[in-house]
Number of protein chains: 2
Amino acid sequence: MTTPTIDRQIERRLADADVRYTRGRRVVISALAEADGPRSAAELSRVIGESVPLSSLYRSLAVLEEAGVLAPHFSSPGLTRYELAEWLSGHHHHLVCICCGIVQDIEVADGLEQRLQEIVADIAGGVSFSELNHALEIEGHCAGCA
Amino acid sequence: MTTPTIDRQIERRLADADVRYTRGRRVVISALAEADGPRSAAELSRVIGESVPLSSLYRSLAVLEEAGVLAPHFSSPGLTRYELAEWLSGHHHHLVCICCGIVQDIEVADGLEQRLQEIVADIAGGVSFSELNHALEIEGHCAGCA
DNA sequence: GCTCCTTTTGATATTGATTCTCGTTAGAGT
DNA sequence: ACTCTAACGAGAATCAATATCAAAAGGAGC
């Protein structure tokens, strides 16, 4: 369930953006907060039920992404999954199942994460992009598909 | 353009899979070999022109992926980009433009790549996935969008 | 080159995720 | 409670991708 802390942070962020934190949007956030990885509109709808119609669900996801509360994630053909933005959930990486497409969050221990940051900084030094972020995706077969 | 070496490797792989290396498929491979990153069906079609209709282009991409010659890449909502599989193009990572979605390949120097491998191996050790592959995506703004 | 057989092609219809439209409803401030 | 604007929700529209199926092309044997 959504922690009170996260909920208050979202309330503040949405208020700053003049976006209302309505019932439907709270339901979406709550479902994503309970998930252990990014979820698509269809996956969320399955969990949430009919209390939020698909068209509203899609609009809520778009609005919350626009406000910086959600981040999109792409790993399966033709659909977008969403997760809480990193300033809410903490920096993490993903395990992606090649077989069924499900995505699971992983925390990386501080020491490893720091070494990763160094590598990314080294790479970013020689490149024409202005670096903002990095994502390490590890692909494999999940327990269910093994 | 497609190098003769890569072309011969693909010929052999497709022959082994009983899949013909037809004109349309050669055009697709050639366009992807010239690109400096993954490309979608629409992007390829723009380059290739009308000599390969979209329906055939999509089918070629699916067949070539099935045969292990192409690998899909997801970084923009609602579309799949393809690139030559790593056994053809070499292991590499990606720069993803947050703004326009374009993806550019990057080579990572051997030393850095080795450190990256170590980190991934460390992470994979404590996880319920059978690890097969890793991908480091660096997100930022490309030169055109900066 | 010709025949037969199988794979591939290409125009079109279809699916599925997502977005748009627009009249109705609900929130926030007064 | 009143007003004004943002949000909702049902359905239509869009767009990438897939399925269909008759016609064309590749390859093997003669």
# chains A, B, ... in the order shown; residues from 1 in each chain; ligands from 1
$ interface_residues --of "chain D" --to "chain B" --cutoff "10 Å" --atoms "only C-alpha atoms (C1' of nucleotides)" --output "list in words"
DC15, DA16, DA17, DT18, DA25 and DG26 of chain D
$ write_last_selection --atoms "C-alpha atoms (C1' of nucleotides)" --output "mmCIF file, in the first residue's frame"
data_model
loop_
_atom_site.group_PDB
_atom_site.id
_atom_site.type_symbol
_atom_site.label_atom_id
_atom_site.label_comp_id
_atom_site.auth_asym_id
_atom_site.auth_seq_id
_atom_site.Cartn_x
_atom_site.Cartn_y
_atom_site.Cartn_z
ATOM 1 C "C1'" DC D 15 -1.547 3.821 -35.143
ATOM 2 C "C1'" DA D 16 1.755 0.004 -34.803
ATOM 3 C "C1'" DA D 17 1.669 -4.582 -35.668
ATOM 4 C "C1'" DT D 18 -0.327 -9.155 -37.127
ATOM 5 C "C1'" DA D 25 9.413 -16.285 -56.820
ATOM 6 C "C1'" DG D 26 13.286 -19.677 -55.463
#
$ interface_residues --of "chain A" --to "chain B" --cutoff "8 Å" --atoms "only C-alpha atoms" --output "NGL selection string"
:A and (73-80 or 95 or 97 or 108 or 112 or 115-116 or 119-120 or 123 or 128-143 or 146)
$ calpha_fit_and_write --fixed "chain B" --moving "chain A" --output "CSV table (one decimal) with N, CA and C atoms, in the first residue's frame"
chain,number,residue,atom,x,y,z
A,1,MET,N,27.0,0.2,-45.4
A,1,MET,CA,26.5,-1.0,-46.2
A,1,MET,C,26.9,-2.3,-45.5
A,2,THR,N,26.2,-3.3,-45.8
A,2,THR,CA,26.5,-4.6,-45.2
A,2,THR,C,27.9,-5.1,-45.6
A,3,THR,N,28.7,-5.5,-44.6
A,3,THR,CA,30.0,-6.0,-45.0
A,3,THR,C,29.8,-7.4,-45.5
A,4,PRO,N,30.7,-7.8,-46.4
A,4,PRO,CA,30.6,-9.2,-46.9
A,4,PRO,C,30.7,-10.2,-45.8
A,5,THR,N,31.5,-10.0,-44.8
A,5,THR,CA,31.6,-10.9,-43.7
A,5,THR,C,30.3,-11.1,-43.0
A,6,ILE,N,29.6,-10.0,-42.6
A,6,ILE,CA,28.4,-10.1,-41.9
A,6,ILE,C,27.4,-10.8,-42.8
A,7,ASP,N,27.4,-10.5,-44.1
A,7,ASP,CA,26.4,-11.1,-45.0
A,7,ASP,C,26.6,-12.6,-45.1
A,8,ARG,N,27.9,-13.0,-45.1
A,8,ARG,CA,28.1,-14.5,-45.2
A,8,ARG,C,27.6,-15.2,-43.9
A,9,GLN,N,27.9,-14.5,-42.7
A,9,GLN,CA,27.4,-15.1,-41.5
A,9,GLN,C,25.9,-15.2,-41.5
A,10,ILE,N,25.2,-14.2,-42.0
A,10,ILE,CA,23.7,-14.3,-42.0
A,10,ILE,C,23.3,-15.4,-43.0
A,11,GLU,N,23.9,-15.4,-44.1
A,11,GLU,CA,23.6,-16.5,-45.1
A,11,GLU,C,23.6,-17.9,-44.4
A,12,ARG,N,24.7,-18.1,-43.7
A,12,ARG,CA,24.9,-19.4,-43.1
A,12,ARG,C,23.8,-19.6,-42.0
A,13,ARG,N,23.6,-18.6,-41.2
A,13,ARG,CA,22.6,-18.8,-40.1
A,13,ARG,C,21.2,-19.1,-40.7
A,14,LEU,N,20.8,-18.3,-41.7
A,14,LEU,CA,19.5,-18.5,-42.3
A,14,LEU,C,19.4,-19.9,-43.0
A,15,ALA,N,20.5,-20.3,-43.7
A,15,ALA,CA,20.4,-21.6,-44.3
A,15,ALA,C,20.2,-22.7,-43.2
A,16,ASP,N,20.9,-22.6,-42.1
A,16,ASP,CA,20.8,-23.5,-41.0
A,16,ASP,C,19.3,-23.6,-40.5
A,17,ALA,N,18.7,-22.4,-40.6
A,17,ALA,CA,17.3,-22.4,-40.1
A,17,ALA,C,16.3,-22.6,-41.2
A,18,ASP,N,16.7,-23.0,-42.4
A,18,ASP,CA,15.8,-23.2,-43.5
A,18,ASP,C,15.0,-22.0,-43.8
A,19,VAL,N,15.6,-20.8,-43.7
A,19,VAL,CA,15.0,-19.6,-44.0
A,19,VAL,C,15.7,-18.9,-45.2
A,20,ARG,N,15.0,-18.5,-46.2
A,20,ARG,CA,15.6,-17.9,-47.4
A,20,ARG,C,16.1,-16.5,-47.2
A,21,TYR,N,17.2,-16.2,-47.7
A,21,TYR,CA,17.8,-14.8,-47.6
A,21,TYR,C,17.4,-14.1,-48.9
A,22,THR,N,16.2,-13.6,-49.0
A,22,THR,CA,15.6,-13.1,-50.2
A,22,THR,C,16.0,-11.6,-50.4
A,23,ARG,N,15.7,-11.1,-51.6
A,23,ARG,CA,16.0,-9.7,-51.8
A,23,ARG,C,15.5,-8.7,-50.8
A,24,GLY,N,14.2,-8.9,-50.4
A,24,GLY,CA,13.6,-8.0,-49.4
A,24,GLY,C,14.3,-8.1,-48.1
A,25,ARG,N,14.7,-9.2,-47.7
A,25,ARG,CA,15.4,-9.4,-46.4
A,25,ARG,C,16.8,-8.8,-46.5
A,26,ARG,N,17.4,-8.9,-47.7
A,26,ARG,CA,18.8,-8.3,-47.8
A,26,ARG,C,18.7,-6.8,-47.7
A,27,VAL,N,17.6,-6.2,-48.3
A,27,VAL,CA,17.4,-4.8,-48.2
A,27,VAL,C,17.3,-4.4,-46.7
A,28,VAL,N,16.5,-5.1,-46.0
A,28,VAL,CA,16.3,-4.8,-44.6
A,28,VAL,C,17.6,-4.8,-43.8
A,29,ILE,N,18.3,-5.9,-44.0
A,29,ILE,CA,19.6,-6.1,-43.3
A,29,ILE,C,20.6,-5.0,-43.6
A,30,SER,N,20.6,-4.7,-44.9
A,30,SER,CA,21.5,-3.6,-45.4
A,30,SER,C,21.2,-2.3,-44.7
A,31,ALA,N,19.9,-2.0,-44.6
A,31,ALA,CA,19.5,-0.7,-44.0
A,31,ALA,C,19.9,-0.6,-42.6
A,32,LEU,N,19.7,-1.8,-41.9
A,32,LEU,CA,20.0,-1.8,-40.5
A,32,LEU,C,21.5,-1.8,-40.2
A,33,ALA,N,22.3,-2.4,-41.2
A,33,ALA,CA,23.7,-2.4,-41.0
A,33,ALA,C,24.3,-1.0,-41.2
A,34,GLU,N,23.6,-0.2,-42.0
A,34,GLU,CA,24.1,1.2,-42.2
A,34,GLU,C,23.7,2.1,-41.1
A,35,ALA,N,22.7,1.8,-40.3
A,35,ALA,CA,22.2,2.7,-39.2
A,35,ALA,C,23.2,2.6,-38.0
A,36,ASP,N,23.3,3.7,-37.3
A,36,ASP,CA,24.1,3.7,-36.1
A,36,ASP,C,23.4,3.4,-34.8
A,37,GLY,N,22.2,2.8,-34.9
A,37,GLY,CA,21.5,2.4,-33.8
A,37,GLY,C,20.2,1.6,-34.2
A,38,PRO,N,19.4,1.2,-33.3
A,38,PRO,CA,18.2,0.4,-33.6
A,38,PRO,C,17.2,1.3,-34.4
A,39,ARG,N,16.5,0.7,-35.3
A,39,ARG,CA,15.5,1.4,-36.1
A,39,ARG,C,14.2,0.7,-36.1
A,40,SER,N,13.1,1.5,-36.2
A,40,SER,CA,11.7,0.9,-36.3
A,40,SER,C,11.4,0.6,-37.7
A,41,ALA,N,10.3,-0.1,-37.9
A,41,ALA,CA,9.8,-0.4,-39.2
A,41,ALA,C,9.5,0.9,-40.0
A,42,ALA,N,8.9,1.8,-39.4
A,42,ALA,CA,8.6,3.1,-40.0
A,42,ALA,C,9.9,3.8,-40.4
A,43,GLU,N,10.9,3.8,-39.5
A,43,GLU,CA,12.1,4.5,-39.8
A,43,GLU,C,12.8,3.8,-41.0
A,44,LEU,N,12.8,2.5,-41.0
A,44,LEU,CA,13.5,1.7,-42.1
A,44,LEU,C,12.7,2.0,-43.4
A,45,SER,N,11.4,2.0,-43.3
A,45,SER,CA,10.6,2.2,-44.6
A,45,SER,C,11.0,3.5,-45.2
A,46,ARG,N,11.2,4.5,-44.3
A,46,ARG,CA,11.5,5.9,-44.8
A,46,ARG,C,12.8,5.8,-45.6
A,47,VAL,N,13.8,5.0,-45.2
A,47,VAL,CA,15.1,4.9,-45.8
A,47,VAL,C,15.0,4.0,-47.0
A,48,ILE,N,14.3,2.9,-46.9
A,48,ILE,CA,14.2,1.9,-48.0
A,48,ILE,C,13.4,2.4,-49.2
A,49,GLY,N,12.3,3.1,-48.9
A,49,GLY,CA,11.4,3.4,-49.9
A,49,GLY,C,10.4,2.3,-50.2
A,50,GLU,N,9.7,2.4,-51.4
A,50,GLU,CA,8.6,1.5,-51.6
A,50,GLU,C,9.0,0.1,-52.1
A,51,SER,N,10.2,-0.1,-52.2
A,51,SER,CA,10.6,-1.4,-52.8
A,51,SER,C,10.3,-2.5,-51.9
A,52,VAL,N,10.1,-2.2,-50.6
A,52,VAL,CA,9.6,-3.2,-49.7
A,52,VAL,C,8.4,-2.7,-49.0
A,53,PRO,N,7.2,-3.3,-49.3
A,53,PRO,CA,6.0,-2.8,-48.6
A,53,PRO,C,6.0,-3.1,-47.1
A,54,LEU,N,5.2,-2.2,-46.4
A,54,LEU,CA,5.3,-2.3,-44.9
A,54,LEU,C,4.9,-3.7,-44.4
A,55,SER,N,3.9,-4.3,-45.0
A,55,SER,CA,3.5,-5.6,-44.5
A,55,SER,C,4.7,-6.6,-44.6
A,56,SER,N,5.4,-6.5,-45.7
A,56,SER,CA,6.6,-7.4,-45.9
A,56,SER,C,7.7,-7.1,-45.0
A,57,LEU,N,7.9,-5.8,-44.8
A,57,LEU,CA,8.9,-5.3,-43.9
A,57,LEU,C,8.7,-5.8,-42.5
A,58,TYR,N,7.5,-5.7,-42.0
A,58,TYR,CA,7.2,-6.2,-40.7
A,58,TYR,C,7.5,-7.7,-40.6
A,59,ARG,N,7.0,-8.5,-41.7
A,59,ARG,CA,7.2,-9.9,-41.6
A,59,ARG,C,8.7,-10.3,-41.7
A,60,SER,N,9.5,-9.5,-42.5
A,60,SER,CA,10.9,-9.8,-42.5
A,60,SER,C,11.6,-9.5,-41.2
A,61,LEU,N,11.2,-8.5,-40.5
A,61,LEU,CA,11.8,-8.2,-39.2
A,61,LEU,C,11.4,-9.3,-38.2
A,62,ALA,N,10.2,-9.8,-38.3
A,62,ALA,CA,9.8,-10.9,-37.4
A,62,ALA,C,10.6,-12.2,-37.7
A,63,VAL,N,10.7,-12.5,-38.9
A,63,VAL,CA,11.4,-13.7,-39.3
A,63,VAL,C,12.9,-13.6,-38.9
A,64,LEU,N,13.5,-12.5,-39.2
A,64,LEU,CA,14.9,-12.3,-38.9
A,64,LEU,C,15.2,-12.3,-37.4
A,65,GLU,N,14.2,-11.8,-36.6
A,65,GLU,CA,14.4,-11.8,-35.2
A,65,GLU,C,14.3,-13.3,-34.7
A,66,GLU,N,13.3,-14.0,-35.2
A,66,GLU,CA,13.1,-15.4,-34.9
A,66,GLU,C,14.3,-16.2,-35.2
A,67,ALA,N,15.0,-15.9,-36.3
A,67,ALA,CA,16.2,-16.6,-36.6
A,67,ALA,C,17.4,-16.2,-35.9
A,68,GLY,N,17.3,-15.2,-35.0
A,68,GLY,CA,18.4,-14.7,-34.2
A,68,GLY,C,19.3,-13.8,-34.9
A,69,VAL,N,18.9,-13.2,-36.0
A,69,VAL,CA,19.8,-12.3,-36.8
A,69,VAL,C,19.5,-10.9,-36.3
A,70,LEU,N,18.3,-10.6,-35.9
A,70,LEU,CA,18.0,-9.3,-35.4
A,70,LEU,C,17.6,-9.4,-33.9
A,71,ALA,N,17.8,-8.3,-33.2
A,71,ALA,CA,17.4,-8.2,-31.8
A,71,ALA,C,16.5,-7.0,-31.6
A,72,PRO,N,15.4,-7.1,-30.9
A,72,PRO,CA,14.4,-6.0,-30.7
A,72,PRO,C,15.0,-5.1,-29.6
A,73,HIS,N,14.5,-3.8,-29.7
A,73,HIS,CA,14.9,-2.9,-28.7
A,73,HIS,C,13.7,-2.0,-28.4
A,74,PHE,N,13.5,-1.8,-27.1
A,74,PHE,CA,12.3,-1.0,-26.7
A,74,PHE,C,12.7,0.2,-25.9
A,75,SER,N,12.4,1.4,-26.4
A,75,SER,CA,12.8,2.6,-25.7
A,75,SER,C,11.8,3.7,-25.9
A,76,SER,N,10.9,3.5,-26.9
A,76,SER,CA,9.9,4.5,-27.2
A,76,SER,C,8.5,3.9,-27.0
A,77,PRO,N,7.5,4.7,-26.6
A,77,PRO,CA,6.2,4.1,-26.4
A,77,PRO,C,5.6,3.6,-27.8
A,78,GLY,N,5.1,2.3,-27.8
A,78,GLY,CA,4.3,1.8,-28.9
A,78,GLY,C,5.1,1.4,-30.1
A,79,LEU,N,6.4,1.4,-30.1
A,79,LEU,CA,7.1,0.9,-31.3
A,79,LEU,C,8.3,0.1,-30.9
A,80,THR,N,8.7,-0.8,-31.8
A,80,THR,CA,9.8,-1.7,-31.6
A,80,THR,C,10.9,-1.4,-32.6
A,81,ARG,N,12.1,-1.2,-32.1
A,81,ARG,CA,13.2,-0.9,-33.0
A,81,ARG,C,14.0,-2.2,-33.1
A,82,TYR,N,14.7,-2.4,-34.2
A,82,TYR,CA,15.5,-3.6,-34.4
A,82,TYR,C,17.0,-3.2,-34.7
A,83,GLU,N,17.9,-4.1,-34.3
A,83,GLU,CA,19.3,-3.9,-34.6
A,83,GLU,C,19.9,-5.3,-34.9
A,84,LEU,N,21.0,-5.4,-35.6
A,84,LEU,CA,21.7,-6.6,-35.8
A,84,LEU,C,22.0,-7.3,-34.4
A,85,ALA,N,21.8,-8.6,-34.3
A,85,ALA,CA,22.1,-9.2,-33.0
A,85,ALA,C,23.6,-9.0,-32.7
A,86,GLU,N,23.9,-9.2,-31.4
A,86,GLU,CA,25.3,-8.9,-30.9
A,86,GLU,C,26.3,-9.8,-31.5
A,87,TRP,N,26.0,-11.0,-31.8
A,87,TRP,CA,27.0,-11.9,-32.4
A,87,TRP,C,27.4,-11.4,-33.8
A,88,LEU,N,26.6,-10.5,-34.4
A,88,LEU,CA,27.0,-9.9,-35.7
A,88,LEU,C,27.7,-8.6,-35.5
A,89,SER,N,27.2,-7.8,-34.6
A,89,SER,CA,27.6,-6.4,-34.5
A,89,SER,C,28.6,-6.2,-33.3
A,90,GLY,N,28.7,-7.1,-32.5
A,90,GLY,CA,29.6,-6.9,-31.3
A,90,GLY,C,28.7,-6.4,-30.1
A,91,HIS,N,29.2,-6.7,-28.9
A,91,HIS,CA,28.5,-6.2,-27.7
A,91,HIS,C,28.6,-4.7,-27.6
A,92,HIS,N,27.5,-4.1,-27.3
A,92,HIS,CA,27.5,-2.6,-27.2
A,92,HIS,C,26.4,-2.2,-26.3
A,93,HIS,N,26.4,-0.9,-26.0
A,93,HIS,CA,25.3,-0.3,-25.2
A,93,HIS,C,24.6,0.8,-25.9
A,94,HIS,N,23.7,1.5,-25.3
A,94,HIS,CA,22.8,2.5,-26.0
A,94,HIS,C,22.8,3.8,-25.2
A,95,LEU,N,22.8,4.8,-26.0
A,95,LEU,CA,22.4,6.1,-25.6
A,95,LEU,C,20.9,6.4,-26.0
A,96,VAL,N,20.1,6.7,-25.1
A,96,VAL,CA,18.7,6.9,-25.5
A,96,VAL,C,18.3,8.4,-25.3
A,97,CYS,N,17.8,9.1,-26.3
A,97,CYS,CA,17.4,10.5,-26.1
A,97,CYS,C,16.0,10.5,-25.5
A,98,ILE,N,15.9,11.1,-24.3
A,98,ILE,CA,14.7,11.2,-23.6
A,98,ILE,C,13.7,12.1,-24.4
A,99,CYS,N,14.2,13.0,-25.2
A,99,CYS,CA,13.3,13.9,-25.9
A,99,CYS,C,12.8,13.4,-27.2
A,100,CYS,N,13.6,12.9,-28.1
A,100,CYS,CA,13.1,12.5,-29.4
A,100,CYS,C,13.1,11.0,-29.5
A,101,GLY,N,13.7,10.2,-28.6
A,101,GLY,CA,13.6,8.8,-28.5
A,101,GLY,C,14.6,8.1,-29.4
A,102,ILE,N,15.4,8.8,-30.1
A,102,ILE,CA,16.4,8.1,-31.0
A,102,ILE,C,17.4,7.4,-30.1
A,103,VAL,N,17.9,6.3,-30.6
A,103,VAL,CA,18.9,5.5,-29.9
A,103,VAL,C,20.2,5.4,-30.7
A,104,GLN,N,21.3,5.6,-30.0
A,104,GLN,CA,22.6,5.5,-30.6
A,104,GLN,C,23.4,4.4,-29.9
A,105,ASP,N,24.1,3.7,-30.7
A,105,ASP,CA,25.0,2.7,-30.2
A,105,ASP,C,26.2,3.3,-29.5
A,106,ILE,N,26.7,2.7,-28.4
A,106,ILE,CA,28.0,3.1,-27.9
A,106,ILE,C,28.9,1.9,-27.7
A,107,GLU,N,30.1,2.0,-28.0
A,107,GLU,CA,31.1,1.0,-27.7
A,107,GLU,C,31.7,1.4,-26.3
A,108,VAL,N,31.9,0.4,-25.5
A,108,VAL,CA,32.5,0.7,-24.2
A,108,VAL,C,33.8,0.0,-24.2
A,109,ALA,N,34.8,0.8,-23.8
A,109,ALA,CA,36.2,0.3,-23.8
A,109,ALA,C,36.3,-1.0,-23.0
A,110,ASP,N,37.2,-1.9,-23.4
A,110,ASP,CA,37.3,-3.2,-22.8
A,110,ASP,C,37.4,-3.1,-21.2
A,111,GLY,N,38.2,-2.2,-20.7
A,111,GLY,CA,38.4,-2.2,-19.3
A,111,GLY,C,37.1,-1.9,-18.6
A,112,LEU,N,36.4,-0.9,-19.1
A,112,LEU,CA,35.1,-0.5,-18.5
A,112,LEU,C,34.1,-1.7,-18.6
A,113,GLU,N,34.1,-2.3,-19.8
A,113,GLU,CA,33.1,-3.4,-20.0
A,113,GLU,C,33.4,-4.5,-19.1
A,114,GLN,N,34.6,-4.8,-18.8
A,114,GLN,CA,35.0,-5.9,-17.9
A,114,GLN,C,34.5,-5.5,-16.5
A,115,ARG,N,34.7,-4.3,-16.1
A,115,ARG,CA,34.2,-3.9,-14.7
A,115,ARG,C,32.7,-4.0,-14.7
A,116,LEU,N,32.0,-3.7,-15.8
A,116,LEU,CA,30.6,-3.8,-15.8
A,116,LEU,C,30.1,-5.2,-15.7
A,117,GLN,N,30.8,-6.1,-16.4
A,117,GLN,CA,30.5,-7.5,-16.3
A,117,GLN,C,30.6,-8.0,-14.9
A,118,GLU,N,31.6,-7.6,-14.2
A,118,GLU,CA,31.8,-8.0,-12.8
A,118,GLU,C,30.6,-7.6,-12.0
A,119,ILE,N,30.2,-6.3,-12.1
A,119,ILE,CA,29.1,-5.8,-11.4
A,119,ILE,C,27.8,-6.7,-11.7
A,120,VAL,N,27.6,-6.9,-12.9
A,120,VAL,CA,26.4,-7.7,-13.3
A,120,VAL,C,26.5,-9.1,-12.7
A,121,ALA,N,27.6,-9.7,-12.8
A,121,ALA,CA,27.8,-11.0,-12.2
A,121,ALA,C,27.5,-11.0,-10.7
A,122,ASP,N,28.0,-10.0,-10.0
A,122,ASP,CA,27.7,-9.8,-8.6
A,122,ASP,C,26.2,-9.7,-8.3
A,123,ILE,N,25.5,-8.9,-9.1
A,123,ILE,CA,24.1,-8.7,-8.9
A,123,ILE,C,23.4,-10.0,-9.2
A,124,ALA,N,23.7,-10.6,-10.3
A,124,ALA,CA,23.0,-11.8,-10.8
A,124,ALA,C,23.2,-13.0,-9.7
A,125,GLY,N,24.2,-12.9,-9.0
A,125,GLY,CA,24.4,-14.0,-8.0
A,125,GLY,C,23.3,-14.1,-7.0
A,126,GLY,N,22.7,-12.9,-6.6
A,126,GLY,CA,21.7,-13.0,-5.5
A,126,GLY,C,20.3,-12.9,-6.0
A,127,VAL,N,20.0,-13.5,-7.2
A,127,VAL,CA,18.7,-13.2,-7.8
A,127,VAL,C,18.1,-14.5,-8.4
A,128,SER,N,16.8,-14.5,-8.5
A,128,SER,CA,16.2,-15.7,-9.0
A,128,SER,C,16.0,-15.9,-10.5
A,129,PHE,N,16.7,-15.0,-11.2
A,129,PHE,CA,16.7,-15.1,-12.7
A,129,PHE,C,17.9,-15.9,-13.2
A,130,SER,N,17.7,-16.6,-14.2
A,130,SER,CA,18.9,-17.2,-14.9
A,130,SER,C,19.4,-16.1,-15.8
A,131,GLU,N,20.6,-15.6,-15.5
A,131,GLU,CA,21.1,-14.4,-16.3
A,131,GLU,C,21.6,-14.8,-17.7
A,132,LEU,N,21.3,-14.0,-18.6
A,132,LEU,CA,21.7,-14.3,-20.0
A,132,LEU,C,22.4,-13.1,-20.6
A,133,ASN,N,22.1,-11.9,-20.2
A,133,ASN,CA,22.5,-10.8,-20.9
A,133,ASN,C,22.4,-9.5,-20.1
A,134,HIS,N,23.1,-8.5,-20.4
A,134,HIS,CA,22.8,-7.2,-19.7
A,134,HIS,C,22.8,-6.1,-20.7
A,135,ALA,N,22.1,-5.0,-20.4
A,135,ALA,CA,22.1,-3.9,-21.2
A,135,ALA,C,22.2,-2.6,-20.4
A,136,LEU,N,23.1,-1.8,-20.7
A,136,LEU,CA,23.3,-0.5,-19.9
A,136,LEU,C,22.7,0.6,-20.9
A,137,GLU,N,21.7,1.2,-20.4
A,137,GLU,CA,21.1,2.3,-21.2
A,137,GLU,C,21.4,3.6,-20.5
A,138,ILE,N,22.0,4.5,-21.3
A,138,ILE,CA,22.2,5.9,-20.7
A,138,ILE,C,21.3,6.8,-21.3
A,139,GLU,N,20.4,7.5,-20.5
A,139,GLU,CA,19.4,8.4,-21.0
A,139,GLU,C,19.9,9.8,-20.9
A,140,GLY,N,19.6,10.6,-21.9
A,140,GLY,CA,20.0,12.0,-21.8
A,140,GLY,C,19.4,12.7,-23.0
A,141,HIS,N,19.9,13.9,-23.3
A,141,HIS,CA,19.4,14.6,-24.5
A,141,HIS,C,20.5,14.6,-25.6
A,142,CYS,N,20.0,14.2,-26.8
A,142,CYS,CA,21.0,14.1,-27.9
A,142,CYS,C,21.3,15.5,-28.3
A,143,ALA,N,22.3,15.6,-29.2
A,143,ALA,CA,22.8,16.9,-29.7
A,143,ALA,C,21.7,17.7,-30.2
A,144,GLY,N,20.8,17.1,-31.0
A,144,GLY,CA,19.7,17.8,-31.6
A,144,GLY,C,18.7,18.4,-30.7
A,145,CYS,N,18.5,17.7,-29.5
A,145,CYS,CA,17.5,18.1,-28.6
A,145,CYS,C,18.0,18.9,-27.4
A,146,ALA,N,19.3,19.1,-27.3
A,146,ALA,CA,19.9,19.7,-26.1
A,146,ALA,C,19.4,21.1,-25.8
$ select_by_dssp --residues "region 30-83 of chain B" --states "alpha helix (DSSP H)" --output "list in words"
Ser30, Ala31, Leu32, Ala33, Glu34, Ala41, Ala42, Glu43, Leu44, Ser45, Arg46, Val47, Ile48, Leu54, Ser55, Ser56, Leu57, Tyr58, Arg59, Ser60, Leu61, Ala62, Val63, Leu64, Glu65 and Glu66 of chain B
$ select_by_dssp --residues "region 49-80 of chain B" --states "strand (DSSP E)" --output "PyMOL selection string"
chain B and resi 70-76+79-80
$ write_last_selection --atoms "C-alpha atoms" --output "PDB file, in the first residue's frame"
ATOM      1  CA  LEU B  70      18.021  -9.302 -35.382  1.00  0.00           C
ATOM      2  CA  ALA B  71      17.373  -8.237 -31.802  1.00  0.00           C
ATOM      3  CA  PRO B  72      14.448  -6.055 -30.722  1.00  0.00           C
ATOM      4  CA  HIS B  73      14.927  -2.952 -28.660  1.00  0.00           C
ATOM      5  CA  PHE B  74      12.318  -1.035 -26.681  1.00  0.00           C
ATOM      6  CA  SER B  75      12.778   2.562 -25.715  1.00  0.00           C
ATOM      7  CA  SER B  76       9.859   4.493 -27.162  1.00  0.00           C
ATOM      8  CA  LEU B  79       7.066   0.779 -31.231  1.00  0.00           C
ATOM      9  CA  THR B  80       9.820  -1.771 -31.556  1.00  0.00           C
TER      10      THR B  80
END
$ interface_residues --of "chain C" --to "chain B" --cutoff "8 Å" --atoms "only C-alpha atoms (C1' of nucleotides)" --output "number ranges by chain"
C: 7, 9-10, 17
$ atom_distance --atom1 "C1' of DT6 (chain C)" --atom2 "C1' of DA19 (chain D)"
19.9 Å
$ atom_distance --atom1 "C1' of DT20 (chain D)" --atom2 "C1' of DA13 (chain C)"
7.8 Å
$ residues_around --residues "DA28 (chain D)" --least-positions-apart "6" --cutoff "12 Å" --atoms "only C-alpha atoms (C1' of nucleotides)" --output "PyMOL selection string"
chain C and resi 3-6
$ atom_distance --atom1 "C1' of DA24 (chain D)" --atom2 "C1' of DT15 (chain C)"
27.4 Å
